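Have a look at the structure below, then the notes.
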Amino acid sequence: MGGPGAGGRGVRGGVAAGAVLVVVGAVLAVPSKGAARAAPAEVLRAERAVARPCFGRLLPEGAAGADRREVTARVDGIVQARLFPGRGRGGHRPGGDWDVAVFDRGTGRVVAASAAPRSRELAEGFVRRGQRLVVQGCRYGGAAREARLGLDFLAGAVGPSRAPGPAGPRASTPPQLVRVHAPGRADRDRLARLGFDVTGGGDARGLDVVLSGAAERTALARAGFTWRVVEPDLARRALRDARADRAYAARTATSPLPSGRTAYRHLYDYEYEMKELARRHPRLARAFTLPEPTREGRDVVALEIAAGVRRADDGRPVNLTLGLHHAREWPSGEVALEWAYDLLRRRGPVKGLVARVRSVVVPVVNPDGFAVSREAEPRGDHSRFDYEMKRKNCSLRDSPPAYATGVCKANPAGRERGTDPNRNYGGFWGGPGAGLDWNGDTYRGPAPFSEPEVRNVRALVSSRQVTNLTTLHTPAAVVLRPPGLADTRPPLDEPAYRALGDVLAARTGYPSRPSWQLYDNTGSTEDWSYWATGGWGFTVELAGPGFHGPYARSVVAEYAGLPPAPGAGRGGNRGALLAVLGHAADPATHATLTGRAPAGHRLALRKTFRTPTSPVLQPDGSTKPPLSVRDDLRSSLTAPGGRFRWAVNPSTRPYVAGRLGRDPQGPPQAGIAVVNPPGVPPVNEDYPADPAAESFTFRVAGPPEADNGRMAVAVSWGSPRTHWDLYVYDASGAPVASDTSGETSARAVLFDPPPGTYRAVLVNVAQADPAAVDDWRGRVDFASPVPTTYGEKEAYQLSCVSPRGRTVGITEVYAGRGETVDVGGICDVARVSSRSSPPKAR
């Protein structure tokens with residue numbers, strides 16, 4: 001998830017000068033030999049396909065399955081090589097798969113490459129003026145003998161090759177990772193609003209924050225926060241980690257990973273390996289492209305794995321694993337693809353589960369952003385032009401005109417341009433924990449589902465019965481489940497949800513908690529997928545130093561459950577993903593439709609509805625009314641003939657099903673008027689390092705005397721220029737609630753407070769007039785638990801369509817989690833029903 005470093009207001013440094021991009025055309029040299037017949041410079045031709053990595057090496061002229069062009073770079077800047085499908089006889093474009101790679105002619109080093117499953121490729125890399133290049137096109141498969149090549153050079157770009165790095169003059173205050181004292185949800189939410197780059201790591205008392213320089217240190221101190229240094233120099237650590245990765249790859253022939261991989265993949269590695277796995281396992285794996293290309297024109301590739309994989313609509317439950325929503329979180333993609341390798345090895349319990357569950361793996365949800373981050377030079381300073389630390393996609397939405405020029409890899413806004421895909425989903429979009437400014441690391445985008453990467457995941461989930469979804473992130477080391485906002489209240493599924501989360505936690509060694517307990521966040525993947533479809537959804541934040549720490553630690557150990565990973569000896573992230581797969585196979589965790597239908601008839605489930613977003617927060621602190629988001633869920637099953645079984649999600653989406661609560665076992669406790677202790681503590685901007693403060697204690701009663709569903713400690717004062725911080729501790733001294741954000745008040749809330757003695761601490765951070773103390777006044781109030789609430793039931797519309805396209809049956813179907821509903825002979829001719837009562841369930 002990577003933290004709520006939203007906004008960027010008043011924190012980031014000055015704006016760099018804008019880049020002037022000049023596109024310089026390339027003159028392609030047609031080889032004098034190796035082609036079967038003369039071809040235009042922009043057309044690559046090969047008479048037969050050869051399945052091999054085009055980026056693997058520079059092939060000799062005339063090599064089978066390949067064609068090449070030579071060119072000299074005319075600028076210092078970027079080379080862009082694009083492939084498009086070639087035209088066949090009659091102008092049609094036969095299906096085919098061509099890849100492209102650009103090599104330095106002298107050294108044979110790969111400059112850029114692309115290997116997606118079709119013939120639409122984009123390869124970008126940095127070049128020097130006068131550098132001699134070879135553009136190599138490779139026909140991997142399919143009938144297309146030709147592909148069209150487009151080649152451009154972009155000069156004058158501001159990019160990593162032109163920006164000072166760690167090797168240059170060192171800053172007086174190096175970038176650091178610090179743990180900010182933020183024990184309560186209010187503190188964490190305020191960090192999000194202030195725009196700091198919160199990594200998501202931390203503990204019960206604080207969150208890890210990246211401070212890129214002196215300006216951010218000053219801003220954090222002025223906001224009243226204290227911290228301790230976790231990593232004193234991130235730039236040095238970036239170089240150290242890069243050296244560690246090179247050393248590990250050099251000394252390790254094969255890692256314990258299923259693929260044996262020893263180093264982080266490039267985007268073209270992911271693309272090639274997915275389609276190569278599909279080629280090698282044609283009965284088990286299928287690589288396919290999601291509906292929408294990215295802004296820069298890249299395909300988003302998925303790998304589907306199941307016994308009898310070609311028949312996608314066979315009614316088995318679907319398990320979806322996602323990686324690299326956030327570009328800099330490289331281990332998330334690695335773990336996702338290693339899981340695909342594990343599924344295809346079919347060892348132990350995996351073999352039976354591959355027969356019962358259909359798995360879809362999308363290792364790189366955000367290929368544009370990842371291509372930028374992965375190819376950047378390691379800097380570690382977290383500045384605007386530290387492209388390796390790019391988090392978002394490459395969207396231009398809401399970027400000011402001065403920052404909307406240039407390619408994503410080199411532009412005047414650097415890594416700050418783009419939208420955070422994991423704040424752009426419709427679930428509670430527009431609320432807390434998402435950035436409002438275009439250059440913030442968690443910028444939510446102008447509207448829910450505004451980004452093609454997010455719409456791709458939405459299309460995949462909406463067209464399948466995805467009963468289980470896992471989205472992988474780094475580096476907070478935690479298993480998160482909905483809701484992302486505490487005020488949403490737990491779903492009716494919370495007991496089962498928590499139990500599954502605890503299983504994943506047992507495998508990974510991470511804590512398991514609702515997402516809001518880390519910090520409020522809205523617009524996240526599972527907060528849409530679960531509330532809208534009923535499919536289980538988790539964020540698993542992998543452990544490790546930094547967003548992409550040393551490969552051996554952050555990938556190998558985390559996946560395989562080896563020291564020093566928290567899941568060492570417990571199964572690691574492989575064990576967690578295996579538990580999710582087993583959960584997907586269990587009929588008790590979803591609904592099942594049964595019935596009978598003639599072979600070849602298509603059964604279709606559909607449900608269309610609208611859901612409100614959060615009230616939409618505005619940059620000035622105001623809110624606008626919620627937006628209404630339409631979702632259209634459509635899935636199908638092709639009848640095998642006779643009886644069928646179809647694993648589906650509950651027909652009633654959790655958003656309207658109700659919320660979990662409990663009945664009061666007594667009245668709420670009476671409010672407590674707080675007596676302010678005598679005297680006034682000195683001004684203290686360094687709590688808890690400096691313990692100077694004042695406090696009061698109070699007692700929370702329990703049943704049968706009282707049953708408290710919520711406790712609120714509230715204090716207020718007169719002037720907005722005065723500031724008191726409020727912290728609440730239980731009898732053991734553990735922090736349980738806090739509020740350090742108020743201008744004239746503070747309010748710390750705890751749900752279901754255990755009975756006992758509590759201590760509230762007031763810290764005098766600032767006084768409007770030291771000569772006339774602006775003291776606080778306060779009280780403690782209690783509220784009853786909220787009973788469980790239930791909403792109305794929703795139905796699917798189930799229809800049956802004959803092979804000739806005639807609708808022969810329609811009915812409504814109500815199905816609850818764990819239920820098996822028999823719809824009978826839904827395809828019997830002339831059976832068209834609009835009954836409102838649910839079919840018989842068992």
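The way I read the labels, and the way they are meant: chains A, B, ... in the order of the structure tokens, residue 1 as the first residue of every chain, and ligand 1 as the first ligand shown, with later ones counted on from there.
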
Might you pull out every residue within 10 Å of Gly297 in chain A, with only C-alpha atoms counted and same-chain residues fewer than 6 positions away left off, and present them as a list of chain:residue names? A:Arg82, A:Arg120, A:Glu121, A:Leu122, A:Pro367, A:Asp368

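For Pro681 in chain A, the residues within 12 Å (counting only C-alpha atoms, excluding itself and residues fewer than 4 positions away along the chain) are Asn676, Pro677, Glu685, Asp690, Pro691, Ala692, Ala693, Glu694, Ser695, Trp724, Val761, Leu762, Val763, Asn764, Val765, Ala766, Gln767, Pro770, Val773, Asp774, Asp775 and Trp776 of chain A.
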
Which neighbours of Ala404 in chain A fall inside 12 Å, counting only C-alpha atoms, when residues of the same chain fewer than 5 positions from it are skipped, and could you give them as a count of residues only? 20

9 Å contact set for Phe288 in chain A, only C-alpha atoms, chain neighbours under 2 positions out, as a list of chain:residue names: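 That gives A:Pro117, A:Lys275, A:Arg286, A:Leu290, A:Val300, A:Val301, A:Ala302, A:Leu303, A:Glu304.
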
Nearest to Gly95 in chain A among A:Gly435, A:Pro490, A:Pro511, A:Gly142, with distances taken over only C-alpha atoms: which residue is it?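 With only C-alpha atoms as the atom set, the closest residue is A:Gly142.
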
Against range 251-266 of chain A, which residues of range 284-385 of chain A fall within 10 Å? For each one I want the closest pair of atoms and the distance in Å (one decimal), counting only C-alpha atoms, rows by chain and increasing residue number, as CSV.
```
residue,atom,partner,partner_atom,distance
A:Trp330,CA,A:Tyr264,CA,7.4
A:Pro331,CA,A:Tyr264,CA,7.9
A:Gly333,CA,A:Arg265,CA,8.7
A:Glu334,CA,A:Tyr264,CA,7.3
A:Val335,CA,A:Leu257,CA,9.3
A:Leu337,CA,A:Ser259,CA,8.9
A:Glu338,CA,A:Pro258,CA,6.1
A:Trp339,CA,A:Pro258,CA,8.0
A:Ala340,CA,A:Pro258,CA,8.9
A:Tyr341,CA,A:Pro258,CA,5.8
A:Asp342,CA,A:Pro258,CA,5.8
A:Leu343,CA,A:Pro258,CA,9.4
A:Leu344,CA,A:Pro258,CA,9.6
A:Arg345,CA,A:Pro258,CA,8.0
A:Phe370,CA,A:His266,CA,8.5
A:Ala371,CA,A:His266,CA,7.4
A:Ser373,CA,A:His266,CA,9.9
A:Arg374,CA,A:His266,CA,6.5
A:Glu375,CA,A:His266,CA,7.7
```

Who sits within 12 Å of Asp241 in chain A, only C-alpha atoms, same chain under 5 positions skipped, as a PDB file with C-alpha atoms, in the first residue's frame:
```pdb
ATOM      1  CA  LEU A 234      18.456   6.452   2.288  1.00  0.00           C
ATOM      2  CA  ALA A 235      20.692   7.396  -0.626  1.00  0.00           C
ATOM      3  CA  ARG A 236      23.524   5.303   0.768  1.00  0.00           C
ATOM      4  CA  ARG A 246      24.495  -7.781  -7.712  1.00  0.00           C
ATOM      5  CA  ALA A 247      26.473  -9.866  -5.229  1.00  0.00           C
ATOM      6  CA  TYR A 248      23.551 -12.241  -4.562  1.00  0.00           C
ATOM      7  CA  ALA A 263      17.297 -10.754  -9.347  1.00  0.00           C
ATOM      8  CA  TYR A 264      14.419  -8.335  -9.861  1.00  0.00           C
ATOM      9  CA  PRO A 378      19.308   4.232  -7.996  1.00  0.00           C
ATOM     10  CA  ARG A 379      19.417   7.555  -6.170  1.00  0.00           C
ATOM     11  CA  GLY A 380      17.570   7.043  -2.908  1.00  0.00           C
ATOM     12  CA  GLY A 544      11.400  -5.884   4.075  1.00  0.00           C
ATOM     13  CA  PRO A 545      13.670  -2.867   4.274  1.00  0.00           C
ATOM     14  CA  GLY A 546      12.259  -0.246   1.923  1.00  0.00           C
ATOM     15  CA  PHE A 547       9.858  -0.504  -0.976  1.00  0.00           C
ATOM     16  CA  HIS A 548      12.195  -2.886  -2.813  1.00  0.00           C
ATOM     17  CA  GLY A 549      14.905  -4.052  -0.483  1.00  0.00           C
ATOM     18  CA  PRO A 550      17.613  -6.607  -1.302  1.00  0.00           C
ATOM     19  CA  TYR A 551      16.171  -9.405  -3.448  1.00  0.00           C
ATOM     20  CA  ALA A 552      17.333 -12.191  -1.161  1.00  0.00           C
ATOM     21  CA  ARG A 553      15.572 -10.584   1.804  1.00  0.00           C
ATOM     22  CA  SER A 554      12.493  -8.897   0.324  1.00  0.00           C
TER      23      SER A 554
END
```

List the spatial neighbours of Ala147 in chain A as a VMD selection string - criterion: any atom at most 6 Å away, only C-alpha atoms, same-chain residues fewer than 5 positions off excluded. chain A and resid 43 to 44 84 to 86

Keeping C-alpha atoms for every residue in the selection just given, could you write it to a file as a CSV table (one decimal), in the first residue's frame?
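That gives us part-v6.csv:
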```
chain,number,residue,atom,x,y,z
A,43,VAL,CA,8.3,-2.9,-41.8
A,44,LEU,CA,9.9,-5.9,-40.1
A,84,PHE,CA,2.2,-2.3,-34.4
A,85,PRO,CA,0.5,-5.2,-36.2
A,86,GLY,CA,1.5,-5.6,-39.8
```

Top pick for closest residue to Glu124 in chain A, considering A:Tyr140, A:Leu194, A:Val407, A:Asp187 and counting only C-alpha atoms: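 Using only C-alpha atoms, the shortest distance to Glu124 in chain A belongs to A:Val407.
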
Any chance you could list, as a PyMOL selection string, the residues in range 489-680 of chain A that come up strand (DSSP E or B) when DSSP is run on the backbone? chain A and resi 491+512-514+536-541+591-597+602-612+616-617+623-624+628-638+642-648+658-659+672-673

Distance criterion (only C-alpha atoms): nearest to Phe153 in chain A out of A:Gly130, A:Leu660, A:Thr173, A:Gln136: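 Going through A:Gly130, A:Leu660, A:Thr173, A:Gln136 one by one, the smallest distance to Phe153 in chain A is for A:Gly130.
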
Give me every helix (DSSP H, G or I) residue in range 134-361 of chain A, going by DSSP on the backbone, as an MDAnalysis selection string. chainID A and resid 185:194 214:222 234:251 267:280 330:345 349:356

Which residues, written as a PyMOL selection string, have at least one atom at most 12 Å from Asp586 in chain A, with only C-alpha atoms counted and residues fewer than 4 positions away on the same chain left out? chain A and resi 316-319+353+356-357+467-468+579-582+590-592+647-648+817-819

Residue subset to file, keeping N, CA and C atoms, as a compact mmCIF listing (two decimals), in the first residue's frame:
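Output contents, as saved in out-v8.txt:
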```txt
# COMPACT_ATOMS: atom_id res chain seq x y z
N ARG A 316 -16.06 -22.87 -12.04
CA ARG A 316 -15.20 -23.00 -10.87
C ARG A 316 -14.98 -21.65 -10.18
N PRO A 317 -14.71 -21.64 -8.88
CA PRO A 317 -14.40 -20.38 -8.21
C PRO A 317 -13.12 -19.78 -8.79
N VAL A 318 -13.01 -18.45 -8.72
CA VAL A 318 -11.88 -17.73 -9.30
C VAL A 318 -11.10 -17.05 -8.19
N ASN A 319 -9.78 -17.25 -8.21
CA ASN A 319 -8.86 -16.65 -7.24
C ASN A 319 -7.94 -15.69 -7.99
N LEU A 353 -5.86 -28.36 -5.91
CA LEU A 353 -6.53 -27.06 -5.94
C LEU A 353 -6.54 -26.45 -7.35
N ARG A 356 -9.54 -27.58 -8.96
CA ARG A 356 -10.82 -27.13 -8.41
C ARG A 356 -11.03 -25.63 -8.50
N VAL A 357 -9.95 -24.85 -8.65
CA VAL A 357 -10.04 -23.39 -8.63
C VAL A 357 -9.35 -22.84 -9.86
N THR A 467 -14.09 -15.03 -6.29
CA THR A 467 -14.48 -15.28 -4.91
C THR A 467 -13.39 -14.88 -3.92
N ASN A 468 -12.14 -14.80 -4.38
CA ASN A 468 -11.02 -14.43 -3.51
C ASN A 468 -10.05 -13.55 -4.28
N ALA A 579 -3.17 -20.70 1.40
CA ALA A 579 -4.35 -20.68 2.26
C ALA A 579 -5.52 -19.99 1.57
N VAL A 580 -5.25 -18.90 0.86
CA VAL A 580 -6.31 -18.21 0.12
C VAL A 580 -6.87 -19.12 -0.97
N LEU A 581 -6.00 -19.84 -1.67
CA LEU A 581 -6.45 -20.75 -2.72
C LEU A 581 -7.33 -21.85 -2.14
N GLY A 582 -6.94 -22.42 -1.01
CA GLY A 582 -7.77 -23.43 -0.37
C GLY A 582 -9.10 -22.88 0.09
N HIS A 590 -18.40 -19.32 -0.34
CA HIS A 590 -19.12 -18.59 -1.38
C HIS A 590 -20.48 -19.27 -1.56
N ALA A 591 -21.20 -18.89 -2.58
CA ALA A 591 -22.47 -19.55 -2.89
C ALA A 591 -22.29 -20.48 -4.08
N THR A 592 -23.23 -21.40 -4.26
CA THR A 592 -23.17 -22.33 -5.39
C THR A 592 -24.54 -22.44 -6.02
N ALA A 647 -19.84 -21.83 -8.93
CA ALA A 647 -19.41 -21.12 -7.73
C ALA A 647 -19.58 -19.62 -7.97
N VAL A 648 -20.37 -18.96 -7.13
CA VAL A 648 -20.66 -17.54 -7.31
C VAL A 648 -20.55 -16.82 -5.97
N ARG A 817 -23.98 -16.60 1.26
CA ARG A 817 -22.69 -17.27 1.41
C ARG A 817 -22.87 -18.63 2.07
N GLY A 818 -22.27 -19.65 1.47
CA GLY A 818 -22.38 -21.00 1.97
C GLY A 818 -23.62 -21.75 1.50
N GLU A 819 -24.53 -21.07 0.80
CA GLU A 819 -25.75 -21.72 0.33
C GLU A 819 -25.54 -22.39 -1.03
```

Best match for closeness to Leu472 in chain A among A:Ser635, A:Thr697, A:Asn422, A:Ser450, counting only C-alpha atoms: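 Checking each of A:Ser635, A:Thr697, A:Asn422, A:Ser450 against Leu472 in chain A, counting only C-alpha atoms, the winner is A:Asn422.
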